[in-house]
Every structure is written in structure tokens, then in C-alpha cells.
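Undergrad: Pasting structure-v6.txt below, which is compact mmCIF, N, CA and C atoms.
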# COMPACT_ATOMS: atom_id res chain seq x y z
N MET A 11 -10.14 242.23 127.85
CA MET A 11 -9.99 242.18 126.40
C MET A 11 -8.56 241.76 126.06
N ARG A 12 -8.44 240.95 125.05
CA ARG A 12 -7.15 240.45 124.63
C ARG A 12 -6.74 241.10 123.32
N LEU A 13 -5.46 241.38 123.21
CA LEU A 13 -4.87 241.92 121.99
C LEU A 13 -3.99 240.83 121.40
N LEU A 14 -4.21 240.46 120.15
CA LEU A 14 -3.42 239.44 119.47
C LEU A 14 -2.38 240.12 118.61
N ILE A 15 -1.12 239.77 118.83
CA ILE A 15 -0.04 240.35 118.03
C ILE A 15 0.64 239.20 117.30
N GLU A 16 0.25 239.04 116.05
CA GLU A 16 0.69 237.92 115.22
C GLU A 16 0.65 238.40 113.78
N ASP A 17 1.75 238.19 113.04
CA ASP A 17 1.80 238.68 111.67
C ASP A 17 1.22 237.71 110.65
N GLU A 18 0.97 236.47 111.03
CA GLU A 18 0.34 235.52 110.12
C GLU A 18 -1.16 235.48 110.42
N LEU A 19 -1.95 236.04 109.51
CA LEU A 19 -3.37 236.22 109.75
C LEU A 19 -4.10 234.92 110.07
N GLY A 20 -3.76 233.84 109.38
CA GLY A 20 -4.42 232.57 109.65
C GLY A 20 -4.20 232.10 111.08
N ILE A 21 -2.99 232.26 111.58
CA ILE A 21 -2.70 231.89 112.97
C ILE A 21 -3.44 232.82 113.92
N ALA A 22 -3.42 234.11 113.62
CA ALA A 22 -4.11 235.09 114.47
C ALA A 22 -5.60 234.76 114.57
N LEU A 23 -6.21 234.42 113.45
CA LEU A 23 -7.64 234.11 113.45
C LEU A 23 -7.93 232.82 114.21
N ALA A 24 -7.02 231.85 114.13
CA ALA A 24 -7.21 230.60 114.89
C ALA A 24 -7.11 230.87 116.39
N ILE A 25 -6.14 231.70 116.80
CA ILE A 25 -6.01 232.06 118.22
C ILE A 25 -7.24 232.84 118.66
N GLU A 26 -7.71 233.73 117.83
CA GLU A 26 -8.91 234.50 118.15
C GLU A 26 -10.10 233.57 118.39
N ASP A 27 -10.26 232.58 117.54
CA ASP A 27 -11.36 231.62 117.71
C ASP A 27 -11.25 230.89 119.05
N VAL A 28 -10.04 230.46 119.41
CA VAL A 28 -9.82 229.75 120.67
C VAL A 28 -10.14 230.67 121.85
N ALA A 29 -9.66 231.91 121.78
CA ALA A 29 -9.89 232.86 122.86
C ALA A 29 -11.38 233.14 123.05
N ILE A 30 -12.09 233.35 121.96
CA ILE A 30 -13.53 233.62 122.04
C ILE A 30 -14.26 232.40 122.58
N GLU A 31 -13.89 231.22 122.11
CA GLU A 31 -14.50 229.98 122.60
C GLU A 31 -14.28 229.81 124.10
N ALA A 32 -13.12 230.30 124.61
CA ALA A 32 -12.80 230.21 126.04
C ALA A 32 -13.45 231.33 126.85
N GLY A 33 -14.18 232.22 126.17
CA GLY A 33 -14.91 233.27 126.88
C GLY A 33 -14.20 234.61 126.96
N PHE A 34 -13.12 234.79 126.21
CA PHE A 34 -12.39 236.06 126.23
C PHE A 34 -12.85 236.94 125.07
N GLU A 35 -12.82 238.24 125.28
CA GLU A 35 -13.12 239.21 124.22
C GLU A 35 -11.81 239.64 123.58
N ILE A 36 -11.87 239.97 122.30
CA ILE A 36 -10.68 240.37 121.55
C ILE A 36 -10.75 241.86 121.22
N ALA A 37 -9.70 242.60 121.61
CA ALA A 37 -9.64 244.04 121.32
C ALA A 37 -9.21 244.28 119.88
N GLY A 38 -8.43 243.36 119.32
CA GLY A 38 -7.98 243.51 117.95
C GLY A 38 -6.79 242.62 117.66
N ILE A 39 -6.39 242.65 116.39
CA ILE A 39 -5.23 241.89 115.92
C ILE A 39 -4.24 242.89 115.36
N ALA A 40 -2.99 242.78 115.81
CA ALA A 40 -1.92 243.66 115.34
C ALA A 40 -0.81 242.80 114.74
N GLY A 41 -0.19 243.30 113.69
CA GLY A 41 0.89 242.57 113.05
C GLY A 41 2.26 243.15 113.29
N ASN A 42 2.32 244.29 113.98
CA ASN A 42 3.61 244.94 114.24
C ASN A 42 3.48 245.86 115.46
N MET A 43 4.60 246.50 115.83
CA MET A 43 4.60 247.33 117.03
C MET A 43 3.67 248.52 116.91
N SER A 44 3.66 249.18 115.79
CA SER A 44 2.81 250.35 115.61
C SER A 44 1.34 250.02 115.84
N GLU A 45 0.88 248.95 115.21
CA GLU A 45 -0.52 248.54 115.38
C GLU A 45 -0.79 248.11 116.82
N ALA A 46 0.17 247.43 117.44
CA ALA A 46 0.00 246.98 118.83
C ALA A 46 -0.14 248.17 119.77
N LEU A 47 0.65 249.21 119.58
CA LEU A 47 0.57 250.38 120.45
C LEU A 47 -0.72 251.16 120.23
N GLU A 48 -1.24 251.14 119.01
CA GLU A 48 -2.52 251.80 118.76
C GLU A 48 -3.66 251.12 119.52
N LEU A 49 -3.58 249.81 119.68
CA LEU A 49 -4.65 249.04 120.33
C LEU A 49 -4.38 248.75 121.81
N GLY A 50 -3.19 249.08 122.29
CA GLY A 50 -2.78 248.72 123.64
C GLY A 50 -3.68 249.21 124.75
N SER A 51 -4.24 250.40 124.60
CA SER A 51 -5.08 250.94 125.67
C SER A 51 -6.43 250.24 125.76
N GLU A 52 -6.79 249.46 124.75
CA GLU A 52 -8.08 248.78 124.73
C GLU A 52 -8.03 247.37 125.31
N ALA A 53 -6.85 246.92 125.73
CA ALA A 53 -6.69 245.53 126.17
C ALA A 53 -6.13 245.46 127.57
N ASP A 54 -6.22 244.27 128.16
CA ASP A 54 -5.57 244.03 129.45
C ASP A 54 -4.50 242.96 129.34
N ILE A 55 -4.57 242.14 128.28
CA ILE A 55 -3.59 241.09 128.05
C ILE A 55 -3.26 241.04 126.57
N ALA A 56 -1.97 240.87 126.25
CA ALA A 56 -1.53 240.73 124.87
C ALA A 56 -0.95 239.34 124.66
N ILE A 57 -1.34 238.72 123.56
CA ILE A 57 -0.78 237.45 123.12
C ILE A 57 0.20 237.82 122.01
N ILE A 58 1.49 237.59 122.25
CA ILE A 58 2.50 238.15 121.36
C ILE A 58 3.39 237.06 120.76
N ASP A 59 3.45 237.05 119.43
CA ASP A 59 4.44 236.22 118.73
C ASP A 59 5.80 236.90 118.93
N VAL A 60 6.82 236.11 119.18
CA VAL A 60 8.14 236.68 119.46
C VAL A 60 8.78 237.23 118.19
N ARG A 61 8.68 236.50 117.10
CA ARG A 61 9.29 236.94 115.84
C ARG A 61 8.19 237.29 114.86
N LEU A 62 8.09 238.58 114.56
CA LEU A 62 7.08 239.06 113.61
C LEU A 62 7.74 239.33 112.27
N GLY A 63 6.97 239.79 111.31
CA GLY A 63 7.48 240.07 109.99
C GLY A 63 8.60 241.10 109.97
N ASP A 64 8.63 241.97 110.98
CA ASP A 64 9.69 242.99 111.03
C ASP A 64 10.84 242.57 111.94
N GLY A 65 10.94 241.28 112.27
CA GLY A 65 12.07 240.77 113.03
C GLY A 65 11.68 240.34 114.43
N LEU A 66 12.67 240.27 115.29
CA LEU A 66 12.51 239.82 116.67
C LEU A 66 11.99 240.99 117.52
N THR A 67 10.75 241.40 117.24
CA THR A 67 10.19 242.58 117.90
C THR A 67 9.21 242.25 119.01
N GLY A 68 8.81 241.01 119.16
CA GLY A 68 7.86 240.63 120.19
C GLY A 68 8.26 241.06 121.59
N PRO A 69 9.52 240.80 122.02
CA PRO A 69 9.92 241.22 123.36
C PRO A 69 9.86 242.74 123.56
N SER A 70 10.23 243.51 122.53
CA SER A 70 10.13 244.98 122.64
C SER A 70 8.69 245.43 122.76
N ILE A 71 7.82 244.79 122.01
CA ILE A 71 6.39 245.10 122.09
C ILE A 71 5.86 244.77 123.48
N ALA A 72 6.27 243.62 124.01
CA ALA A 72 5.82 243.22 125.35
C ALA A 72 6.24 244.26 126.39
N ARG A 73 7.50 244.70 126.33
CA ARG A 73 7.97 245.72 127.29
C ARG A 73 7.20 247.02 127.15
N ALA A 74 6.96 247.45 125.91
CA ALA A 74 6.24 248.70 125.68
C ALA A 74 4.80 248.62 126.16
N LEU A 75 4.13 247.52 125.91
CA LEU A 75 2.74 247.37 126.34
C LEU A 75 2.63 247.25 127.85
N PHE A 76 3.60 246.58 128.48
CA PHE A 76 3.57 246.47 129.93
C PHE A 76 3.87 247.81 130.58
N SER A 77 4.94 248.49 130.12
CA SER A 77 5.31 249.76 130.76
C SER A 77 4.31 250.88 130.45
N GLY A 78 3.73 250.86 129.25
CA GLY A 78 2.83 251.93 128.86
C GLY A 78 1.39 251.75 129.29
N PHE A 79 0.95 250.50 129.33
CA PHE A 79 -0.46 250.24 129.58
C PHE A 79 -0.71 249.22 130.68
N GLY A 80 0.34 248.61 131.22
CA GLY A 80 0.19 247.62 132.27
C GLY A 80 -0.35 246.29 131.79
N LEU A 81 -0.23 246.00 130.50
CA LEU A 81 -0.78 244.76 129.95
C LEU A 81 -0.02 243.53 130.43
N GLY A 82 -0.77 242.47 130.70
CA GLY A 82 -0.16 241.17 130.90
C GLY A 82 0.23 240.61 129.54
N VAL A 83 1.15 239.66 129.53
CA VAL A 83 1.66 239.13 128.27
C VAL A 83 1.63 237.61 128.28
N VAL A 84 1.22 237.04 127.16
CA VAL A 84 1.39 235.62 126.88
C VAL A 84 2.21 235.56 125.60
N TYR A 85 3.38 234.92 125.67
CA TYR A 85 4.17 234.73 124.47
C TYR A 85 3.66 233.51 123.71
N PHE A 86 3.69 233.61 122.39
CA PHE A 86 3.23 232.54 121.51
C PHE A 86 4.28 232.41 120.42
N THR A 87 5.07 231.31 120.42
CA THR A 87 6.22 231.27 119.54
C THR A 87 6.66 229.87 119.17
N VAL A 88 7.32 229.77 118.04
CA VAL A 88 7.99 228.55 117.63
C VAL A 88 9.36 228.47 118.31
N ASN A 89 9.90 229.62 118.70
CA ASN A 89 11.25 229.73 119.23
C ASN A 89 11.26 230.14 120.70
N PRO A 90 10.95 229.24 121.64
CA PRO A 90 10.89 229.63 123.05
C PRO A 90 12.22 230.13 123.61
N GLY A 91 13.34 229.77 122.99
CA GLY A 91 14.64 230.25 123.44
C GLY A 91 14.83 231.74 123.23
N LEU A 92 13.98 232.37 122.42
CA LEU A 92 14.08 233.80 122.16
C LEU A 92 13.26 234.65 123.12
N ILE A 93 12.55 234.00 124.02
CA ILE A 93 11.65 234.73 124.92
C ILE A 93 12.44 235.42 126.02
N GLU A 94 12.17 236.70 126.18
CA GLU A 94 12.64 237.44 127.34
C GLU A 94 11.55 237.27 128.38
N ASN A 95 11.82 236.57 129.44
CA ASN A 95 10.75 236.21 130.35
C ASN A 95 11.13 236.47 131.81
N PRO A 96 11.54 237.70 132.13
CA PRO A 96 11.97 237.97 133.50
C PRO A 96 10.86 237.85 134.53
N ASN A 97 9.63 238.05 134.12
CA ASN A 97 8.50 237.98 135.06
C ASN A 97 7.77 236.66 134.96
N ARG A 98 8.41 235.66 134.36
CA ARG A 98 7.82 234.32 134.20
C ARG A 98 6.44 234.40 133.56
N ARG A 99 6.38 235.17 132.48
CA ARG A 99 5.13 235.30 131.74
C ARG A 99 4.78 233.98 131.08
N PRO A 100 3.50 233.68 130.96
CA PRO A 100 3.10 232.43 130.30
C PRO A 100 3.59 232.41 128.85
N ALA A 101 3.98 231.23 128.40
CA ALA A 101 4.43 231.07 127.03
C ALA A 101 3.82 229.80 126.46
N VAL A 102 3.40 229.90 125.21
CA VAL A 102 2.85 228.76 124.49
C VAL A 102 3.74 228.54 123.28
N THR A 103 4.21 227.30 123.13
CA THR A 103 5.07 226.97 122.01
C THR A 103 4.24 226.43 120.85
N LYS A 104 4.44 227.00 119.67
CA LYS A 104 3.77 226.54 118.46
C LYS A 104 4.46 225.28 117.97
N PRO A 105 3.78 224.34 117.38
CA PRO A 105 2.33 224.20 117.35
C PRO A 105 1.82 223.80 118.73
N THR A 106 0.55 224.05 118.96
CA THR A 106 -0.03 223.79 120.27
C THR A 106 -1.48 223.36 120.13
N SER A 107 -2.11 223.21 121.26
CA SER A 107 -3.52 222.82 121.27
C SER A 107 -4.36 224.01 121.74
N PRO A 108 -5.63 224.01 121.40
CA PRO A 108 -6.52 225.05 121.91
C PRO A 108 -6.55 225.10 123.44
N GLU A 109 -6.44 223.95 124.08
CA GLU A 109 -6.46 223.91 125.55
C GLU A 109 -5.27 224.65 126.14
N ARG A 110 -4.09 224.48 125.56
CA ARG A 110 -2.90 225.17 126.08
C ARG A 110 -3.03 226.68 125.89
N ILE A 111 -3.60 227.12 124.79
CA ILE A 111 -3.80 228.55 124.57
C ILE A 111 -4.78 229.09 125.61
N ALA A 112 -5.89 228.41 125.80
CA ALA A 112 -6.89 228.86 126.78
C ALA A 112 -6.30 228.87 128.19
N ASP A 113 -5.49 227.86 128.54
CA ASP A 113 -4.86 227.82 129.86
C ASP A 113 -3.91 228.99 130.05
N ALA A 114 -3.11 229.31 129.03
CA ALA A 114 -2.17 230.43 129.13
C ALA A 114 -2.92 231.75 129.27
N LEU A 115 -4.02 231.91 128.55
CA LEU A 115 -4.83 233.12 128.68
C LEU A 115 -5.43 233.23 130.07
N SER A 116 -5.89 232.14 130.61
CA SER A 116 -6.45 232.15 131.96
C SER A 116 -5.38 232.49 132.99
N MET A 117 -4.16 231.93 132.83
CA MET A 117 -3.07 232.24 133.74
C MET A 117 -2.70 233.72 133.66
N ALA A 118 -2.65 234.26 132.46
CA ALA A 118 -2.33 235.68 132.30
C ALA A 118 -3.43 236.55 132.91
N ALA A 119 -4.67 236.13 132.77
CA ALA A 119 -5.78 236.89 133.35
C ALA A 119 -5.67 236.89 134.87
N THR A 120 -5.32 235.76 135.46
CA THR A 120 -5.14 235.68 136.91
C THR A 120 -4.01 236.60 137.36
N ASN A 121 -2.89 236.57 136.61
CA ASN A 121 -1.76 237.44 136.95
C ASN A 121 -2.13 238.91 136.80
N ALA A 122 -2.90 239.23 135.76
CA ALA A 122 -3.29 240.63 135.53
C ALA A 122 -4.21 241.13 136.63
N SER A 123 -5.13 240.30 137.08
CA SER A 123 -6.05 240.75 138.12
C SER A 123 -5.35 240.86 139.48
N ALA A 124 -4.20 240.22 139.62
CA ALA A 124 -3.44 240.33 140.87
C ALA A 124 -2.71 241.66 140.98
N ARG A 125 -2.49 242.31 139.83
CA ARG A 125 -1.83 243.63 139.88
C ARG A 125 -2.83 244.63 140.45
N THR A 126 -2.34 245.55 141.26
CA THR A 126 -3.23 246.48 141.93
C THR A 126 -3.50 247.75 141.15
N HIS A 127 -2.71 248.03 140.12
CA HIS A 127 -2.95 249.24 139.33
C HIS A 127 -2.42 249.05 137.92
N ARG A 128 -2.92 249.88 137.04
CA ARG A 128 -2.43 249.91 135.67
C ARG A 128 -1.67 251.20 135.46
N VAL A 129 -0.67 251.16 134.64
CA VAL A 129 0.13 252.33 134.34
C VAL A 129 -0.67 253.22 133.41
N ALA A 130 -0.75 254.51 133.73
CA ALA A 130 -1.61 255.41 132.95
C ALA A 130 -0.84 256.18 131.89
N SER A 131 0.47 256.20 131.93
CA SER A 131 1.25 256.96 130.96
C SER A 131 1.35 256.20 129.65
N GLY A 132 1.90 256.85 128.64
CA GLY A 132 2.08 256.22 127.35
C GLY A 132 3.23 255.24 127.38
N PRO A 133 3.43 254.50 126.29
CA PRO A 133 4.46 253.47 126.24
C PRO A 133 5.87 254.06 126.23
N THR A 134 6.82 253.30 126.76
CA THR A 134 8.21 253.67 126.69
C THR A 134 8.96 252.53 126.03
N PHE A 135 10.09 252.84 125.41
CA PHE A 135 10.87 251.82 124.70
C PHE A 135 12.21 251.68 125.37
N HIS A 136 12.69 250.44 125.44
CA HIS A 136 13.98 250.14 126.08
C HIS A 136 14.91 249.53 125.07
Rewrite the coordinates I just gave you, this time as C-alpha cells.
TA:
Amino acid sequence: MRLLIEDELGIALAIEDVAIEAGFEIAGIAGNMSEALELGSEADIAIIDVRLGDGLTGPSIARALFSGFGLGVVYFTVNPGLIENPNRRPAVTKPTSPERIADALSMAATNASARTHRVASGPTFH
């Protein structure tokens, strides 16, 4: 299941359509960290915009979802220079094509299935 973290609903719905068309299920759409953490346990991969309505919170959300729930991350952004990408997480630069989104989701799914365990504790913030 994929979690979409995007504060612009039209973009979120377009990504959701692409993900469903590519055969992925969607756990939900979140527009901020609070909503993302509420849905984090229901997903295995998060598609995260780097800059949300509450600022440059995407990287913090990515760290919290990875440390708390073991989620894989795909960054989706207009500003690729803002990505914290120590684990070489897939990134899609806006604007993009449906094929690039589907490819990034598939890459994240492959990376997620390569992990041998998921973290069972709650999220932590850095």
C-alpha cells in the first residue's frame, strides 16, 4: 500500500490515479506530518512532496516514517536540490510523466521488499 503525502489535492489525486493504474493500492493521502503519521502504519511506501504547505517538512516526514514504520520513500518535488537522500531513495521531479511515477514506485517497492524486517516501534523525530 502506498501513502501519498502531497498538500495540493489535484496533484495528489493525479498521482493516486497513476499508482492505481500501475497496480498499486493507496493507503491514503496526507497533507502534513500529523496526517502522514496517522496513516504510516497502513503503508509500505510513501510518496512524499519535499515542500508542503507547512514548509520544508518532507524530509522530516520521510525520516519519521522510515524510523517508525520502516516505510520506503519516493520523493516527488519541483526542488530536487532540497532532497535529503542518504539512502539514494527514488526521486521524481515535477512536472513528470505517469511512466516516471510508476517506475519510481516500482523501484521503491523492490527496495522495500529487499529489507528483511520492518521497525515495529512508533516514529521518532530527528
Undergrad: Taking 6 positions as the minimum chain separation for residues in the same chain, which residues sit within 12 Å of Pro108 in chain A when counting only C-alpha atoms? Answer as a count of residues only.
TA: 13
Undergrad: Give the answer as one residue: which of A:Ile57, A:Ala72, A:Leu62, A:Ile15 has the shortest atom-to-atom distance to Glu45 in chain A, using only N, CA and C atoms?
TA: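 Using only N, CA and C atoms, Glu45 in chain A sits closest to A:Ile15.
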Undergrad: I'd like to know which of A:Glu18, A:Pro90, A:Leu75, A:Ala56 is closest to Ala119 in chain A, using only C-alpha atoms.
TA: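 Once distances to Ala119 in chain A are computed over only C-alpha atoms, the minimum belongs to A:Ala56.
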Undergrad: Suppose you want the space between CA of Ala101 in chain A and atom N of Arg12 in chain A; what is it in Å?
TA: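 Atom-to-atom, CA of Ala101 in chain A and atom N of Arg12 in chain A are spaced 16.3 Å apart.
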Undergrad: Report the residues of chain A whose backbone DSSP state falls under alpha helix (DSSP H), written as an MDAnalysis selection string.
TA: chainID A and resid 19:31 43:49 68:79 108:124
Undergrad: Apply DSSP to the structure's backbone, then extract all residues of chain A labelled strand (DSSP E) and return them as a PyMOL selection string.
TA: chain A and resi 12-15+36-40+55-59+82-87+101-103
Undergrad: Need the shell around Lys104 in chain A: protein/DNA/RNA residues with any atom at most 6 Å away, counting only N, CA and C atoms. Skip same-chain ones fewer than 2 positions apart. Format as a list in words?
TA: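 Listing them by chain and then by number gives Phe86, Thr87, Val88, Val102 and Thr106 of chain A.
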Undergrad: Which distance in Å separates CA of Asp17 in chain A and CA of Glu109 in chain A, to one decimal?
TA: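 For CA of Asp17 in chain A relative to CA of Glu109 in chain A, the distance reads 21.9 Å.
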Undergrad: Between A:Glu16, A:Gly41, A:Leu92, A:Ser51, which has the minimum distance to Ala74 in chain A (counting only C-alpha atoms)?
TA: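 Checking each candidate against Ala74 in chain A, we get A:Ser51 as the closest.
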Undergrad: Show me, as AutoDock Vina command-line options, the centre and edge lengths in Å to one decimal of the axis-aligned box that covers every listed atom of range 19-34 of chain A with 8 Å on each side.
TA:
--center_x -8.4 --center_y 233.3 --center_z 118.2 --size_x 29.0 --size_y 23.2 --size_z 33.6
Undergrad: Using atom N of Asn42 in chain A and CA of Pro100 in chain A as the two end points, give the distance in Å to one decimal.
TA: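 Result for atom N of Asn42 in chain A versus CA of Pro100 in chain A: 20.2 Å, one decimal.
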Undergrad: When you count all atoms listed in the file, which of these residues is closest to Ile58 in chain A: A:Tyr85, A:Ile111, A:Met11, A:Met117?
TA: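 Answer, going by the shortest atom-to-atom distance: A:Tyr85.
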